[in-house]
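Below is upload-v5.txt, which holds compact mmCIF, C-alpha atoms.
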```
# COMPACT_ATOMS: atom_id res chain seq x y z
CA MET A 1 -19.29 -18.02 2.73
CA ALA A 2 -21.03 -18.41 6.03
CA GLN A 3 -19.93 -18.14 9.62
CA SER A 4 -20.59 -21.10 11.80
CA LEU A 5 -21.71 -20.28 15.33
CA ASN A 6 -22.46 -23.92 16.07
CA ILE A 7 -20.53 -25.28 19.05
CA LEU A 8 -20.13 -28.61 17.21
CA THR A 9 -18.20 -27.03 14.32
CA LYS A 10 -16.11 -24.67 16.45
CA ASP A 11 -12.44 -24.89 15.46
CA PHE A 12 -13.17 -27.21 12.50
CA ARG A 13 -10.61 -27.09 9.69
CA GLY A 14 -10.42 -28.88 6.39
CA GLU A 15 -12.82 -30.32 3.86
CA VAL A 16 -15.80 -32.63 4.01
CA GLY A 17 -16.30 -34.86 0.98
CA LYS A 18 -15.05 -32.29 -1.52
CA THR A 19 -18.30 -30.43 -0.85
CA ILE A 20 -17.60 -27.90 1.91
CA VAL A 21 -14.51 -26.41 3.53
CA PHE A 22 -14.05 -25.20 7.10
CA ARG A 23 -11.54 -22.37 7.69
CA GLN A 24 -10.50 -20.37 10.72
CA LYS A 25 -10.28 -16.58 10.61
CA GLY A 26 -9.27 -15.27 13.97
CA GLU A 27 -11.64 -16.98 16.40
CA LYS A 28 -14.37 -17.54 13.80
CA THR A 29 -15.10 -20.68 11.85
CA ILE A 30 -15.90 -19.99 8.18
CA VAL A 31 -17.83 -22.51 6.08
CA ALA A 32 -17.48 -22.28 2.30
CA ARG A 33 -18.14 -24.28 -0.85
CA PHE A 34 -15.22 -26.51 -1.89
CA PRO A 35 -13.12 -24.64 -4.49
CA ARG A 36 -13.25 -25.98 -8.02
CA PRO A 37 -10.58 -25.20 -10.61
CA THR A 38 -11.75 -23.31 -13.65
CA GLN A 39 -11.49 -24.79 -17.13
CA ASN A 40 -10.98 -21.35 -18.71
CA LYS A 41 -7.55 -20.19 -19.88
CA ALA A 42 -6.08 -17.35 -17.82
CA THR A 43 -6.16 -13.93 -19.46
CA GLU A 44 -3.02 -11.80 -19.86
CA LYS A 45 -4.21 -9.60 -16.99
CA GLN A 46 -4.70 -12.64 -14.72
CA LEU A 47 -1.25 -13.99 -15.57
CA LYS A 48 0.29 -10.61 -14.80
CA GLN A 49 -1.52 -10.45 -11.44
CA ARG A 50 -0.42 -14.00 -10.56
CA SER A 51 3.17 -13.05 -11.31
CA LYS A 52 2.90 -9.95 -9.12
CA PHE A 53 1.39 -12.06 -6.33
CA GLN A 54 4.33 -14.50 -6.56
CA GLU A 55 6.70 -11.54 -6.22
CA ALA A 56 4.71 -10.36 -3.18
CA VAL A 57 4.99 -13.77 -1.53
CA LEU A 58 8.75 -13.78 -2.13
CA TYR A 59 8.98 -10.25 -0.69
CA ALA A 60 6.96 -11.22 2.41
CA LYS A 61 9.11 -14.32 3.04
CA THR A 62 12.32 -12.31 2.64
CA VAL A 63 11.14 -9.49 4.92
CA LEU A 64 9.96 -11.84 7.66
CA ALA A 65 13.30 -13.65 7.64
CA ASN A 66 14.94 -10.39 8.76
CA PRO A 67 14.12 -9.66 12.45
CA THR A 68 14.39 -5.87 12.04
CA GLN A 69 12.06 -5.74 9.03
CA LYS A 70 9.72 -8.30 10.60
CA ALA A 71 9.29 -6.00 13.63
CA VAL A 72 8.05 -3.21 11.32
CA TYR A 73 5.22 -5.41 10.06
CA GLN A 74 4.44 -6.84 13.50
CA ALA A 75 3.95 -3.27 14.76
CA ASN A 76 1.07 -2.75 12.29
CA HIS A 77 -2.23 -2.09 14.11
CA LYS A 78 -4.06 -4.86 12.19
CA VAL A 79 -1.39 -7.39 13.15
CA LYS A 80 -1.50 -6.31 16.79
CA ARG A 81 -5.28 -6.73 16.84
CA LYS A 82 -4.88 -10.18 15.22
CA LEU A 83 -6.93 -9.18 12.18
CA MET A 84 -4.01 -10.00 9.92
CA SER A 85 -0.67 -11.81 10.16
CA ALA A 86 2.66 -10.04 9.64
CA PHE A 87 3.05 -12.12 6.46
CA ASN A 88 -0.28 -10.84 5.10
CA ALA A 89 0.63 -7.27 6.09
CA ALA A 90 3.90 -7.56 4.10
CA LEU A 91 1.99 -9.11 1.19
CA ALA A 92 -0.58 -6.29 1.16
CA ASN A 93 2.14 -3.66 1.44
CA TYR A 94 3.88 -5.07 -1.64
CA LEU A 95 0.66 -5.27 -3.66
CA ASN A 96 -0.67 -1.81 -2.72
CA PRO A 97 1.44 1.19 -3.76
CA PRO A 98 1.25 4.41 -1.74
CA VAL A 99 -1.55 6.85 -2.56
CA ILE A 100 -1.20 10.62 -2.87
CA HIS A 101 -4.59 11.92 -1.73
CA GLN A 102 -4.12 15.67 -1.65
CA ILE A 103 -1.65 18.29 -2.76
CA ASN A 104 -2.26 21.69 -1.17
CA THR A 105 -0.40 24.56 -2.89
CA ASN A 106 -2.38 27.42 -1.29
CA GLU A 107 0.69 28.65 0.63
CA TYR A 108 3.08 28.42 -2.34
CA HIS A 109 3.59 31.66 -4.28
CA GLY A 110 7.12 31.14 -5.65
CA ALA A 111 9.06 32.56 -2.69
CA ILE A 112 11.73 30.88 -0.59
CA GLY A 113 10.12 29.39 2.51
CA ASP A 114 6.67 28.89 0.94
CA LYS A 115 5.14 25.54 1.81
CA ILE A 116 3.38 22.79 -0.14
CA TYR A 117 1.43 20.16 1.82
CA PHE A 118 0.69 16.54 0.88
CA THR A 119 -1.55 13.83 2.24
CA VAL A 120 0.08 10.48 1.52
CA LEU A 121 -1.17 7.07 2.66
CA ASP A 122 0.43 3.64 2.63
CA ASP A 123 -0.32 0.28 4.26
CA ILE A 124 2.79 0.35 6.45
CA SER A 125 5.28 3.15 5.91
CA VAL A 126 6.21 5.82 3.37
CA GLN A 127 9.98 5.88 2.85
CA SER A 128 10.33 9.09 0.85
CA VAL A 129 8.30 11.92 -0.65
CA LYS A 130 10.28 13.76 -3.32
CA VAL A 131 9.16 17.01 -4.91
CA ALA A 132 10.27 18.62 -8.17
CA LEU A 133 9.13 21.99 -9.54
CA HIS A 134 9.58 22.73 -13.25
CA GLN A 135 8.88 25.95 -15.17
CA SER A 136 6.25 25.80 -17.90
CA GLY A 137 9.03 25.18 -20.46
CA GLY A 138 10.31 22.16 -18.52
CA THR A 139 13.34 23.75 -16.84
CA LEU A 140 13.92 22.45 -13.31
CA ILE A 141 13.43 25.17 -10.70
CA GLU A 142 14.08 23.09 -7.59
CA GLN A 143 13.73 19.64 -6.11
CA GLY A 144 14.01 18.04 -2.71
CA GLU A 145 12.49 15.87 0.00
CA ALA A 146 9.24 16.63 1.80
CA VAL A 147 9.30 16.24 5.58
CA LYS A 148 6.62 14.55 7.68
CA GLU A 149 4.86 16.88 10.11
CA GLY A 150 2.06 15.10 11.95
CA ILE A 151 -0.14 13.39 9.37
CA LEU A 152 1.01 15.64 6.50
CA TYR A 153 4.16 15.84 4.43
CA VAL A 154 5.50 19.38 3.90
CA TYR A 155 7.88 20.67 1.26
CA THR A 156 9.49 24.07 1.90
CA ALA A 157 10.57 25.99 -1.22
CA THR A 158 14.29 26.73 -1.55
CA ALA A 159 14.25 28.80 -4.74
CA THR A 160 12.48 31.91 -5.97
CA GLN A 161 10.17 31.74 -8.95
CA SER A 162 8.81 34.96 -10.43
CA SER A 163 5.68 33.40 -11.94
CA ILE A 164 4.27 30.06 -10.88
CA THR A 165 1.52 30.02 -13.53
CA GLY A 166 1.99 27.01 -15.80
CA SER A 167 4.68 25.47 -13.58
CA THR A 168 4.54 21.73 -12.96
CA LEU A 169 4.80 20.15 -9.54
CA THR A 170 5.77 16.47 -9.49
CA VAL A 171 5.41 14.43 -6.30
CA THR A 172 7.07 11.00 -6.15
CA VAL A 173 6.33 8.72 -3.20
CA THR A 174 8.21 5.49 -2.41
CA ASP A 175 7.16 2.94 0.21
CA LEU A 176 8.99 0.11 2.03
CA PRO A 177 8.80 -2.47 -0.80
CA LYS A 178 9.94 0.24 -3.25
CA ASN A 179 6.53 0.80 -4.87
CA VAL A 180 6.56 4.23 -6.52
CA THR A 181 3.58 6.54 -7.06
CA GLU A 182 3.93 9.78 -8.99
CA LYS A 183 1.46 12.62 -9.34
CA LYS A 184 1.83 15.78 -11.43
CA LEU A 185 0.00 19.04 -10.89
CA THR A 186 0.06 22.13 -13.07
CA LEU A 187 0.02 25.30 -10.98
```
What would you get if you wrote out this structure as structure tokens?
Amino acid sequence: MAQSLNILTKDFRGEVGKTIVFRQKGEKTIVARFPRPTQNKATEKQLKQRSKFQEAVLYAKTVLANPTQKAVYQANHKVKRKLMSAFNAALANYLNPPVIHQINTNEYHGAIGDKIYFTVLDDISVQSVKVALHQSGGTLIEQGEAVKEGILYVYTATATQSSITGSTLTVTVTDLPKNVTEKKLTL
């Protein structure tokens, strides 16, 4: 794929003789080889991805039909800078689940008021960060919602635990299109 800086091809769109294709991306003209369909049968993984992409398109169309939800995607920094449309931002948000980058338990010692910090990233917006603490035997100690403080999410302990060794911390993150990411950590 090449960029055309030629003044003669500026703003060209479409195909030329089923050989090359001109596309616009922002204010740039992109020149590419004409796409040719493959003769190979799609694999199970490809079929699954196509199905997920169809769901993403349906999600994006539904979201953009609602003015309130559309405004959320139009507020995205990439959309504002015209690097991406609101439709593509909704599509990407559906296809990319949230990511839990870090769990910091340095300030958690099993006392009420101890804090656990999380770094969570998503394309648009994280809707909830839920935390559950289980004893080593699997008994639930406590659970609740983490609260956003700046760029971090913070969970404040509400129960006392005599020994945290072997306990399991489960973090469950949900984003706008209801993608769920879960991460477990043994303390």
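Nearest residue to A:Glu142, choosing from A:Ile20, A:Thr170, A:Ile30, A:Val126 and counting all atoms listed in the file: A:Thr170.
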- Item | Contacts of A:Leu152 at 6 Å (all atoms listed in the file; same-chain gap of 4+ positions) as a ChimeraX atom specification | /A:118-119,148
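Restricting the calculation to all atoms listed in the file, the smallest distance between A:Leu83 and any of A:Arg23, A:Lys18, A:Lys28, A:Arg13 is found for A:Lys28.
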- Task: Considering all atoms listed in the file, return as a list of chain:residue names whatever protein or nucleic-acid residues lie within 10 Å of A:Asn179, sequence-local ones (same chain, fewer than 5 positions apart) excluded.
- Result: A:Asn93, A:Tyr94, A:Leu95, A:Asn96, A:Pro97, A:Pro98, A:Val126, A:Gln127, A:Val173, A:Thr174
The centre and edge lengths of an axis-aligned box containing all atoms of stretch 123-142 of chain A present in the file, extended by 6 Å on each side, are to be given in Å to one decimal, as JSON.
```
{"center_x": 6.9, "center_y": 13.1, "center_z": -7.0, "size_x": 26.4, "size_y": 37.7, "size_z": 38.9}
```
- atom CA of A:Phe34 and atom CA of A:Lys52 are how many Å apart? 25.6 Å
- Item | All residues 8 Å or closer to A:Ile141, all atoms listed in the file, same chain fewer than 6 positions away omitted, as a ChimeraX atom specification | /A:132-135,159,161
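For the pair atom CA of A:Gly113 and atom CA of A:Gly144, the separation is 13.1 Å.
For the pair atom CA of A:Thr172 and atom CA of A:Leu140, the interatomic distance is 15.1 Å.
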- Around the point (6.7, -4.6, 1.3), in the coordinates given by the file, pick out the residues reaching within 8 Å, counting all atoms listed in the file, and return them as a PyMOL selection string. chain A and resi 56+59-60+63+90-95+175-178
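Remark: for A:Thr29, the closest of the candidate residues A:Thr139, A:Lys10, A:Glu44, A:Tyr73 is A:Lys10 (distances computed over all atoms listed in the file).
Among the candidates A:Leu169, A:Val99, A:Ala75, A:Val16, the residue lying nearest to A:Gly138 is A:Leu169 (atoms considered: all atoms listed in the file).
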- Query: Counting all atoms listed in the file, what is within 12 Å of A:Thr160, bar same-chain residues fewer than 2 positions away, as JSON, numbers by chain?
  - Reply: {"A": [108, 109, 110, 111, 112, 113, 114, 133, 135, 141, 142, 156, 157, 158, 162, 163, 164]}
- Task: Extract, using only C-alpha atoms, all DNA, RNA and protein residues at most 12 Å from A:Val79, discarding same-chain residues fewer than 2 positions from it, and format them as a PyMOL selection string.
- Result: chain A and resi 26+70-77+81-90+123-124
Take the residues from that selection and put them in a file with C-alpha atoms, as a short mmCIF file (atom, residue, chain, number, x, y, z; two decimals), keeping the file's coordinate frame.
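Result file is result_12.cif:
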```
data_model
loop_
_atom_site.label_atom_id
_atom_site.label_comp_id
_atom_site.auth_asym_id
_atom_site.auth_seq_id
_atom_site.Cartn_x
_atom_site.Cartn_y
_atom_site.Cartn_z
CA GLY A 26 -9.27 -15.27 13.97
CA LYS A 70 9.72 -8.30 10.60
CA ALA A 71 9.29 -6.00 13.63
CA VAL A 72 8.05 -3.21 11.32
CA TYR A 73 5.22 -5.41 10.06
CA GLN A 74 4.44 -6.84 13.50
CA ALA A 75 3.95 -3.27 14.76
CA ASN A 76 1.07 -2.75 12.29
CA HIS A 77 -2.23 -2.09 14.11
CA ARG A 81 -5.28 -6.73 16.84
CA LYS A 82 -4.88 -10.18 15.22
CA LEU A 83 -6.93 -9.18 12.18
CA MET A 84 -4.01 -10.00 9.92
CA SER A 85 -0.67 -11.81 10.16
CA ALA A 86 2.66 -10.04 9.64
CA PHE A 87 3.05 -12.12 6.46
CA ASN A 88 -0.28 -10.84 5.10
CA ALA A 89 0.63 -7.27 6.09
CA ALA A 90 3.90 -7.56 4.10
CA ASP A 123 -0.32 0.28 4.26
CA ILE A 124 2.79 0.35 6.45
#
```
